[in-house]
Amino acid sequence: MHDLRRRSGATGTPRRMRGFAAVRLATPLAVAALTVLVTALTTTLDAFKLPVAARLAIVGGGSVLAGLIALVSQRGVRHFTPQGAPRSDGVAAPAQLPPVIAHFTGRADYLARLHHVFTEEDKRSEEWSGSLVVSVHGPGGVGKSALVTRFAHEVAGHYPDGQLYCDLRGSGDVRVRMEDVLTGFLLALGVRLTTDPGGLPDLQKLWWTWLKGRRVLIFLDNARHADQVQAVVPPEAGCAVLVTSRQPLYLRNTLDVRLQEFTELQAVELLARLAGDERVAEDDRSAVRIAELCDRLPLAVSICGGRLAARRTWSLEEMADRLGDERRRRLDELETDDQIDKSVRATLWLSYEDCTDLQRRLLRSFALLSVPDLPGWAAGSLLGTSKPDGGDQLEALVDAQLMEYSGKDPTDTGRYRLHDLVRLYARERADREDTDEQRRATVDRILAGYRRRAELAAAVRWPQDWRRHARRGEQDSGEIAPEPWFYAEHLTLLACVEQAASLEMWEEAWRVGRAFCSLSHSMRLFWQEWHAVAETTLRAASRLEDPRSIGIALMERAAASGGLGKGDLARRSAEEALAVFEELREPWWAARAERTVGVTLRDAGNLDEAQRHLLAAIGGFAAVGDRWWHARTQRNLAELRLAQGRHQEARALLDEALGVFESDGNRYSEAQTLRVLGEVSAAEAADLRARGDILAGDAGYNRAAQVLERAAEMFRLRHEQWEEARCLRAAGEVGDPKNGLRELTFVRRAMGTLEGLGDSWGVARTELSEGRALNRLGRVDEAVTALGHAAAVFHELGDRWLQARCLRTLAEILADAGRPAEARGPAEEGLRIYRSLGNEVGETRARNMLARVLGSEQS
């Protein structure tokens, strides 16, 4: 059986079909003609009801026709692009297609139809420029996924920018959010979503932007409704979308195919591939009977073939008798459930009955989990055995066709899944055979395994968030690489948190949830999911009635809320956490809460209150001896000092923080600090020029530009696009009168990066910088347009402080241009916002600006 499983879709042709490689040189026209011929021949043979052995002799037996059938089934394989092949931009193209099943059989006519549609794509594109969409629908177990997977591999070479895959779980009990699908696809294409891209419409715009000019193949498996597919379909030609579903989706596409059950000959051929050609040829009557009892469904036939391969002493007649034993099927007591086709249920029962107790328990355990798939190590955790022992049982289930190997994830770990019908059957068996305590213990074991790994990954990624590494749990090998591991497992982690909460397993819900939040925070990923998990984590901590856990969960909610622009909720959450930690006398956590409160107040423009909390946090970190958090909070205070115009104090704070990061070798924090230092240097240079010291001011501008470009380069080398864009924007705000065009170029480079990341807030913030840069070049009307648009976006996003800053800047530019009447409205609106925020510094500047405008109007 292991030898059978090693066959690939392209090399697993039966012996009777070998020796015809030369036939592969046939032209597409010949292939199309052969498809018609093969289909007609199969239909004719079925009509004459010839014995299977005779039909196999006609269609196989070393005949040339067999080689042609193999050609039709395999055409296009030579164009396949190896997985992970680099694109023209040097980034590895995603190659997410699941593997072709080793025993793929038949379907030559369907493959030819699909190829015909794809060869006609160029002609079609002259009439309609949309992406190609092909859907294949049919009942469960008919082989939709196997067919489309095979075809996707055959045409993958025509889509050099990547092949993307997602199982939408349309027939399962766990729905997949299309926001998660698009986020996963964007990450696979190399997009760093370091800010919240917004809801589904915003994600779609970002998705379309990144696919422009690219050729990507997208495979959506098990879709439930058309809206899921429409959310992903690119509006331009060049890409293709393959879809499978139980029901027709009535998409506006090029081809909608209903996949029929196997013909009798195809079903027997599949059985022969798995059980052995000789056994089938010796008892073709029983082979036909098995095929008919399986309703010629590929899933049912595969399961029977897998059991026959594993039981060489069984005859086909014995298998057919067992399969047709109505008494045995009735004893199953499950036929009243119409969700599983009776033929599949019967074959599942036979295979399940033939498994060992350990294999049955593993199958039932897998079915209890609300996850899309699981890595290989999970088998040992589910059984409470070693990883090798669990792996052996898992492979036995794969051999029996009860488990599917779904390929390798970004960590190069093999993953496994259950067909929906197998999952449903196994879950029914678990409900009947296992007690509530046993089922709960099974879920607890897998949650414990994921909790250990999630905590380890979070601690490796951001040790400063955990103060020390999490307890090292069971590992595959070496240390977990947090980034690829989180990409591969985030959907499973989400399901784990939800399932733990639904079962009121609050300790695991809190711990897995906390690790998920920490990973999301450190990587700035999965924003909506991060916020949802933070809420669940807080609920779990509350149910545990553990004040410390509640405080930490409040901090996670504060971080997620702040990233989503919910500043008030972020501040309130941090303030509640601060009260908890002060009562518990937890000085380190209290200092962290103080810092978070201070940052949220600073971002809202309340500089005086923010200063008080940041100073308290710096003192708290100094008291407990935490150098890294002390230095990071000094940088936060330096940014506040910059806003206050206290440049020397800001520089002193930054110099001290920079020394800590440099000595610790923390390049990321060092680059962040250099960015703020460059901004301070630019502000100092502007002050020098304003006092008439032109030479010193010009030297200061040069230093600022050099520091900012160095920081941007450090982030570029780390592939931190968002941070690089912040540095470029800061370089464009230096204000050097001798380098206006160069600074505008920096700003627009930052703008392009942030647009590509879907960061609407960052784009608006960069438009503020663009307006200033344009004004310095004397392009006033363009500056007014940019600032007006930025103010409108900040109003929509609810960022009133930056809205007021845009309005004040707009008023200044209009007043300097001699247009006081136009400046009055923005000046008054900016002053009103600053007053409502309690921002004294901003209010003073806005009042002075308005007085200047009014004075100009009167004169």
# chains A, B, ... in the order shown; residues from 1 in each chain; ligands from 1

$ residues_around --residues "segment 385-402 of chain A" --least-positions-apart "4" --cutoff "7 Å" --atoms "only C-alpha atoms" --output "mmCIF file with N, CA, C and O atoms, in the first residue's frame"
data_model
loop_
_atom_site.group_PDB
_atom_site.id
_atom_site.type_symbol
_atom_site.label_atom_id
_atom_site.label_comp_id
_atom_site.auth_asym_id
_atom_site.auth_seq_id
_atom_site.Cartn_x
_atom_site.Cartn_y
_atom_site.Cartn_z
ATOM 1 N N MET A 1 0.832 -1.212 0.000
ATOM 2 C CA MET A 1 0.000 0.000 0.000
ATOM 3 C C MET A 1 0.859 1.251 0.000
ATOM 4 O O MET A 1 0.541 2.237 -0.630
ATOM 5 N N SER A 302 -12.953 4.338 -2.967
ATOM 6 C CA SER A 302 -11.593 4.480 -2.440
ATOM 7 C C SER A 302 -11.473 3.832 -1.067
ATOM 8 O O SER A 302 -10.464 3.170 -0.762
ATOM 9 N N ILE A 303 -12.473 4.023 -0.240
ATOM 10 C CA ILE A 303 -12.424 3.440 1.099
ATOM 11 C C ILE A 303 -12.413 1.913 1.002
ATOM 12 O O ILE A 303 -11.628 1.231 1.675
ATOM 13 N N GLY A 306 -9.042 0.812 -0.232
ATOM 14 C CA GLY A 306 -8.027 0.931 0.811
ATOM 15 C C GLY A 306 -8.078 -0.220 1.795
ATOM 16 O O GLY A 306 -7.046 -0.744 2.221
ATOM 17 N N ARG A 307 -9.295 -0.644 2.159
ATOM 18 C CA ARG A 307 -9.399 -1.770 3.097
ATOM 19 C C ARG A 307 -8.933 -3.074 2.442
ATOM 20 O O ARG A 307 -8.291 -3.913 3.085
ATOM 21 N N GLN A 359 -6.831 3.167 16.207
ATOM 22 C CA GLN A 359 -7.138 3.924 14.988
ATOM 23 C C GLN A 359 -8.549 4.507 15.035
ATOM 24 O O GLN A 359 -8.784 5.631 14.611
ATOM 25 N N GLY A 376 0.801 16.802 11.700
ATOM 26 C CA GLY A 376 1.020 15.412 12.049
ATOM 27 C C GLY A 376 1.232 15.165 13.529
ATOM 28 O O GLY A 376 0.826 14.133 14.063
ATOM 29 N N TRP A 377 1.877 16.114 14.245
ATOM 30 C CA TRP A 377 2.147 15.885 15.665
ATOM 31 C C TRP A 377 0.878 15.744 16.486
ATOM 32 O O TRP A 377 0.883 15.171 17.588
ATOM 33 N N ALA A 379 -1.637 13.869 16.176
ATOM 34 C CA ALA A 379 -2.123 12.500 16.398
ATOM 35 C C ALA A 379 -1.628 11.965 17.737
ATOM 36 O O ALA A 379 -2.393 11.348 18.495
ATOM 37 N N GLY A 380 -0.357 12.192 18.051
ATOM 38 C CA GLY A 380 0.169 11.744 19.334
ATOM 39 C C GLY A 380 -0.510 12.420 20.505
ATOM 40 O O GLY A 380 -0.804 11.790 21.529
ATOM 41 N N SER A 381 -0.781 13.741 20.368
ATOM 42 C CA SER A 381 -1.458 14.462 21.447
ATOM 43 C C SER A 381 -2.881 13.958 21.655
ATOM 44 O O SER A 381 -3.349 13.809 22.782
ATOM 45 N N VAL A 422 -16.670 11.829 6.169
ATOM 46 C CA VAL A 422 -15.957 11.015 7.153
ATOM 47 C C VAL A 422 -16.007 11.693 8.516
ATOM 48 O O VAL A 422 -16.213 11.048 9.552
#

$ residues_around --residues "Ala725 of chain A" --least-positions-apart "4" --cutoff "12 Å" --atoms "only C-alpha atoms" --output "PyMOL selection string"
chain A and resi 192+194+672+675+708-709+711-716+719-721+729-732+746-757+759+762-763+765-766

$ write_last_selection --atoms "N, CA, C and O atoms" --output "tab-separated table (two decimals), in the first residue's frame"
chain	number	residue	atom	x	y	z
A	192	ARG	N	2.49	42.70	3.77
A	192	ARG	CA	2.64	42.80	5.22
A	192	ARG	C	1.52	43.70	5.75
A	192	ARG	O	1.58	44.92	5.64
A	194	THR	N	0.45	45.37	8.32
A	194	THR	CA	0.87	45.86	9.62
A	194	THR	C	-0.11	46.84	10.24
A	194	THR	O	0.13	47.34	11.32
A	672	GLN	N	13.60	52.11	15.12
A	672	GLN	CA	12.48	52.95	15.53
A	672	GLN	C	12.96	54.21	16.24
A	672	GLN	O	12.45	55.32	16.02
A	675	ARG	N	14.43	56.73	13.86
A	675	ARG	CA	13.40	57.50	13.15
A	675	ARG	C	12.96	58.71	13.96
A	675	ARG	O	12.90	59.84	13.44
A	708	LEU	N	17.32	59.40	9.04
A	708	LEU	CA	16.06	58.82	8.60
A	708	LEU	C	16.27	57.81	7.47
A	708	LEU	O	15.61	56.77	7.43
A	709	GLU	N	17.17	58.12	6.56
A	709	GLU	CA	17.44	57.17	5.48
A	709	GLU	C	18.11	55.91	6.02
A	709	GLU	O	17.83	54.80	5.55
A	711	ALA	N	17.57	54.66	9.05
A	711	ALA	CA	16.50	53.89	9.70
A	711	ALA	C	15.64	53.18	8.66
A	711	ALA	O	15.26	52.00	8.83
A	712	ALA	N	15.32	53.87	7.57
A	712	ALA	CA	14.51	53.26	6.51
A	712	ALA	C	15.22	52.06	5.91
A	712	ALA	O	14.59	51.02	5.63
A	713	GLU	N	16.53	52.16	5.71
A	713	GLU	CA	17.28	51.05	5.16
A	713	GLU	C	17.31	49.86	6.11
A	713	GLU	O	17.22	48.70	5.69
A	714	MET	N	17.43	50.13	7.41
A	714	MET	CA	17.40	49.05	8.39
A	714	MET	C	16.08	48.29	8.33
A	714	MET	O	16.05	47.05	8.39
A	715	PHE	N	14.99	49.01	8.20
A	715	PHE	CA	13.68	48.36	8.11
A	715	PHE	C	13.52	47.64	6.77
A	715	PHE	O	12.90	46.58	6.70
A	716	ARG	N	14.06	48.22	5.71
A	716	ARG	CA	13.95	47.59	4.41
A	716	ARG	C	14.64	46.24	4.42
A	716	ARG	O	14.11	45.25	3.87
A	719	HIS	N	12.55	43.72	5.86
A	719	HIS	CA	11.27	43.56	5.17
A	719	HIS	C	10.10	44.10	5.99
A	719	HIS	O	8.99	43.59	5.93
A	720	GLU	N	10.37	45.14	6.78
A	720	GLU	CA	9.33	45.80	7.57
A	720	GLU	C	8.82	47.00	6.77
A	720	GLU	O	9.25	48.14	6.95
A	721	GLN	N	7.88	46.74	5.86
A	721	GLN	CA	7.45	47.77	4.93
A	721	GLN	C	6.76	48.95	5.61
A	721	GLN	O	6.95	50.09	5.23
A	729	ARG	N	8.30	58.74	5.18
A	729	ARG	CA	7.42	59.89	5.39
A	729	ARG	C	8.11	60.94	6.24
A	729	ARG	O	8.05	62.14	5.97
A	730	ALA	N	8.80	60.48	7.29
A	730	ALA	CA	9.54	61.41	8.13
A	730	ALA	C	10.63	62.11	7.35
A	730	ALA	O	10.88	63.32	7.53
A	731	ALA	N	11.30	61.38	6.43
A	731	ALA	CA	12.33	62.00	5.60
A	731	ALA	C	11.72	63.06	4.69
A	731	ALA	O	12.38	64.04	4.33
A	732	GLY	N	10.47	62.88	4.31
A	732	GLY	CA	9.80	63.87	3.48
A	732	GLY	C	9.30	65.06	4.26
A	732	GLY	O	8.85	66.05	3.67
A	746	PHE	N	10.23	61.17	-1.38
A	746	PHE	CA	10.17	60.28	-0.21
A	746	PHE	C	8.72	60.08	0.25
A	746	PHE	O	8.29	58.98	0.55
A	747	VAL	N	7.98	61.19	0.33
A	747	VAL	CA	6.59	61.12	0.80
A	747	VAL	C	5.76	60.24	-0.12
A	747	VAL	O	4.97	59.39	0.34
A	748	ARG	N	5.94	60.40	-1.40
A	748	ARG	CA	5.12	59.62	-2.33
A	748	ARG	C	5.54	58.16	-2.38
A	748	ARG	O	4.71	57.29	-2.66
A	749	ARG	N	6.79	57.87	-2.13
A	749	ARG	CA	7.20	56.48	-1.98
A	749	ARG	C	6.51	55.85	-0.77
A	749	ARG	O	6.02	54.71	-0.82
A	750	ALA	N	6.47	56.60	0.31
A	750	ALA	CA	5.78	56.12	1.51
A	750	ALA	C	4.30	55.92	1.22
A	750	ALA	O	3.69	54.92	1.64
A	751	MET	N	3.71	56.84	0.46
A	751	MET	CA	2.29	56.75	0.12
A	751	MET	C	2.01	55.47	-0.67
A	751	MET	O	1.04	54.74	-0.38
A	752	GLY	N	2.85	55.18	-1.64
A	752	GLY	CA	2.65	53.97	-2.44
A	752	GLY	C	2.72	52.71	-1.60
A	752	GLY	O	1.92	51.78	-1.78
A	753	THR	N	3.68	52.67	-0.68
A	753	THR	CA	3.81	51.48	0.18
A	753	THR	C	2.59	51.31	1.06
A	753	THR	O	2.05	50.20	1.19
A	754	LEU	N	2.13	52.39	1.67
A	754	LEU	CA	0.99	52.32	2.58
A	754	LEU	C	-0.30	52.00	1.84
A	754	LEU	O	-1.17	51.31	2.38
A	755	GLU	N	-0.45	52.50	0.62
A	755	GLU	CA	-1.61	52.12	-0.18
A	755	GLU	C	-1.59	50.62	-0.47
A	755	GLU	O	-2.62	49.94	-0.42
A	756	GLY	N	-0.40	50.10	-0.77
A	756	GLY	CA	-0.27	48.67	-1.02
A	756	GLY	C	-0.53	47.82	0.21
A	756	GLY	O	-0.94	46.67	0.10
A	757	LEU	N	-0.32	48.40	1.41
A	757	LEU	CA	-0.60	47.69	2.65
A	757	LEU	C	-2.04	47.86	3.11
A	757	LEU	O	-2.45	47.26	4.10
A	759	ASP	N	-3.35	50.58	4.36
A	759	ASP	CA	-3.37	51.38	5.59
A	759	ASP	C	-4.00	52.74	5.29
A	759	ASP	O	-3.30	53.70	4.93
A	762	GLY	N	-2.63	55.47	7.56
A	762	GLY	CA	-1.27	55.85	7.18
A	762	GLY	C	-1.24	56.67	5.90
A	762	GLY	O	-0.44	57.60	5.76
A	763	VAL	N	-2.13	56.34	4.95
A	763	VAL	CA	-2.19	57.12	3.71
A	763	VAL	C	-2.64	58.54	4.01
A	763	VAL	O	-2.07	59.52	3.49
A	765	ARG	N	-2.31	60.12	6.86
A	765	ARG	CA	-1.22	60.81	7.57
A	765	ARG	C	-0.13	61.24	6.59
A	765	ARG	O	0.47	62.32	6.75
A	766	THR	N	0.10	60.45	5.56
A	766	THR	CA	1.12	60.79	4.57
A	766	THR	C	0.63	61.92	3.66
A	766	THR	O	1.44	62.71	3.17

$ residues_around --residues "Leu564 of chain A" --least-positions-apart "2" --cutoff "9 Å" --atoms "only C-alpha atoms" --output "number ranges by chain"
A: 195-196, 198, 527-528, 531, 559-562, 566-567

$ residues_around --residues "Asp221 of chain A" --least-positions-apart "3" --cutoff "8 Å" --atoms "only C-alpha atoms" --output "list in words"
Ser145, Tyr165, Cys166, Asp167, Leu168, Arg169, Val243, Thr244 and Ser245 of chain A

$ residues_around --residues "Arg592 of chain A" --least-positions-apart "6" --cutoff "9 Å" --atoms "only C-alpha atoms" --output "ChimeraX atom specification"
/A:555,574,578,617,620-621,629

$ closest_atom_pairs --of "segment 211-284 of chain A" --to "segment 294-298 of chain A" --cutoff "12 Å" --atoms "only C-alpha atoms" --output "JSON lines"
{"residue": "A:Leu259", "atom": "CA", "partner": "A:Leu297", "partner_atom": "CA", "distance": 10.8}
{"residue": "A:Gln260", "atom": "CA", "partner": "A:Leu297", "partner_atom": "CA", "distance": 9.0}
{"residue": "A:Glu261", "atom": "CA", "partner": "A:Leu297", "partner_atom": "CA", "distance": 5.6}
{"residue": "A:Phe262", "atom": "CA", "partner": "A:Arg296", "partner_atom": "CA", "distance": 5.2}
{"residue": "A:Thr263", "atom": "CA", "partner": "A:Arg296", "partner_atom": "CA", "distance": 6.8}
{"residue": "A:Glu264", "atom": "CA", "partner": "A:Arg296", "partner_atom": "CA", "distance": 6.6}
{"residue": "A:Leu265", "atom": "CA", "partner": "A:Arg296", "partner_atom": "CA", "distance": 9.4}
{"residue": "A:Gln266", "atom": "CA", "partner": "A:Arg296", "partner_atom": "CA", "distance": 8.3}
{"residue": "A:Ala267", "atom": "CA", "partner": "A:Arg296", "partner_atom": "CA", "distance": 5.6}
{"residue": "A:Val268", "atom": "CA", "partner": "A:Arg296", "partner_atom": "CA", "distance": 8.6}
{"residue": "A:Glu269", "atom": "CA", "partner": "A:Pro298", "partner_atom": "CA", "distance": 10.6}
{"residue": "A:Leu270", "atom": "CA", "partner": "A:Pro298", "partner_atom": "CA", "distance": 7.8}
{"residue": "A:Leu271", "atom": "CA", "partner": "A:Pro298", "partner_atom": "CA", "distance": 9.2}
{"residue": "A:Leu274", "atom": "CA", "partner": "A:Pro298", "partner_atom": "CA", "distance": 11.8}

$ write_last_selection --atoms "N, CA, C and O atoms" --output "tab-separated table (two decimals), in the first residue's frame"
chain	number	residue	atom	x	y	z
A	259	LEU	N	-20.39	17.36	-11.80
A	259	LEU	CA	-19.57	16.15	-11.87
A	259	LEU	C	-20.45	14.94	-11.53
A	259	LEU	O	-21.03	14.86	-10.45
A	260	GLN	N	-20.54	14.03	-12.48
A	260	GLN	CA	-21.36	12.84	-12.29
A	260	GLN	C	-20.57	11.76	-11.55
A	260	GLN	O	-19.34	11.81	-11.45
A	261	GLU	N	-21.31	10.77	-11.03
A	261	GLU	CA	-20.66	9.62	-10.43
A	261	GLU	C	-19.83	8.91	-11.50
A	261	GLU	O	-20.03	9.08	-12.69
A	262	PHE	N	-18.90	8.08	-11.04
A	262	PHE	CA	-18.10	7.28	-11.97
A	262	PHE	C	-19.00	6.40	-12.83
A	262	PHE	O	-20.08	5.97	-12.40
A	263	THR	N	-18.54	6.12	-14.01
A	263	THR	CA	-19.13	5.01	-14.75
A	263	THR	C	-18.71	3.72	-14.04
A	263	THR	O	-17.78	3.70	-13.21
A	264	GLU	N	-19.36	2.65	-14.39
A	264	GLU	CA	-19.01	1.36	-13.78
A	264	GLU	C	-17.54	1.02	-14.04
A	264	GLU	O	-16.81	0.57	-13.16
A	265	LEU	N	-17.10	1.26	-15.27
A	265	LEU	CA	-15.72	0.94	-15.63
A	265	LEU	C	-14.73	1.80	-14.83
A	265	LEU	O	-13.72	1.29	-14.34
A	266	GLN	N	-15.04	3.09	-14.67
A	266	GLN	CA	-14.14	3.95	-13.90
A	266	GLN	C	-14.08	3.53	-12.44
A	266	GLN	O	-13.01	3.54	-11.82
A	267	ALA	N	-15.23	3.16	-11.88
A	267	ALA	CA	-15.26	2.73	-10.49
A	267	ALA	C	-14.42	1.47	-10.29
A	267	ALA	O	-13.65	1.35	-9.32
A	268	VAL	N	-14.53	0.52	-11.22
A	268	VAL	CA	-13.75	-0.70	-11.10
A	268	VAL	C	-12.27	-0.43	-11.32
A	268	VAL	O	-11.40	-1.03	-10.66
A	269	GLU	N	-11.96	0.49	-12.22
A	269	GLU	CA	-10.55	0.86	-12.45
A	269	GLU	C	-9.94	1.45	-11.18
A	269	GLU	O	-8.79	1.15	-10.82
A	270	LEU	N	-10.69	2.30	-10.49
A	270	LEU	CA	-10.20	2.87	-9.23
A	270	LEU	C	-10.00	1.76	-8.20
A	270	LEU	O	-8.99	1.73	-7.48
A	271	LEU	N	-10.94	0.84	-8.12
A	271	LEU	CA	-10.82	-0.26	-7.17
A	271	LEU	C	-9.57	-1.08	-7.49
A	271	LEU	O	-8.83	-1.50	-6.58
A	274	LEU	N	-6.26	0.45	-6.28
A	274	LEU	CA	-6.00	0.36	-4.86
A	274	LEU	C	-5.85	-1.09	-4.40
A	274	LEU	O	-4.95	-1.41	-3.63

$ select_by_dssp --residues "segment 272-316 of chain A" --states "alpha helix (DSSP H)" --output "VMD selection string"
chain A and resid 272 to 275 277 to 282 284 to 293 298 to 310 316

$ residues_around --residues "Asp816 of chain A" --least-positions-apart "2" --cutoff "12 Å" --atoms "only C-alpha atoms" --output "list in words"
Asn775, Arg776, Gly778, Val780, Thr809, Leu810, Ala811, Glu812, Ile813, Leu814, Gly818, Arg819, Pro820, Ala821, Glu822, Ala823, Met849, Arg852, Val853 and Ser856 of chain A

$ residues_around --residues "Ser502 of chain A" --least-positions-apart "3" --cutoff "12 Å" --atoms "only C-alpha atoms" --output "ChimeraX atom specification"
/A:369-370,440,443,495-499,505-506,508-509,536,539-540

$ decode --residues "segment 789-800 of chain A" --atoms "N, CA and C atoms" --output "short mmCIF file (atom, residue, chain, number, x, y, z; two decimals), in the first residue's frame"
data_model
loop_
_atom_site.label_atom_id
_atom_site.label_comp_id
_atom_site.auth_asym_id
_atom_site.auth_seq_id
_atom_site.Cartn_x
_atom_site.Cartn_y
_atom_site.Cartn_z
N HIS A 789 -8.39 66.49 1.76
CA HIS A 789 -8.75 65.08 1.69
C HIS A 789 -8.29 64.34 2.95
N ALA A 790 -7.09 64.64 3.45
CA ALA A 790 -6.60 64.00 4.67
C ALA A 790 -7.50 64.33 5.86
N ALA A 791 -7.94 65.59 5.97
CA ALA A 791 -8.83 65.97 7.07
C ALA A 791 -10.15 65.20 6.99
N ALA A 792 -10.67 65.02 5.78
CA ALA A 792 -11.93 64.28 5.61
C ALA A 792 -11.77 62.81 6.02
N VAL A 793 -10.63 62.21 5.67
CA VAL A 793 -10.40 60.80 6.02
C VAL A 793 -10.27 60.65 7.53
N PHE A 794 -9.53 61.56 8.18
CA PHE A 794 -9.40 61.48 9.64
C PHE A 794 -10.74 61.67 10.33
N HIS A 795 -11.59 62.52 9.76
CA HIS A 795 -12.95 62.68 10.31
C HIS A 795 -13.72 61.36 10.20
N GLU A 796 -13.58 60.70 9.07
CA GLU A 796 -14.27 59.43 8.86
C GLU A 796 -13.73 58.35 9.78
N LEU A 797 -12.42 58.38 10.03
CA LEU A 797 -11.79 57.39 10.89
C LEU A 797 -11.97 57.69 12.37
N GLY A 798 -12.43 58.89 12.69
CA GLY A 798 -12.64 59.26 14.09
C GLY A 798 -11.39 59.75 14.79
N ASP A 799 -10.34 60.08 14.04
CA ASP A 799 -9.12 60.61 14.64
C ASP A 799 -9.22 62.13 14.64
N ARG A 800 -9.77 62.68 15.70
CA ARG A 800 -10.08 64.11 15.74
C ARG A 800 -8.82 64.95 15.93
#
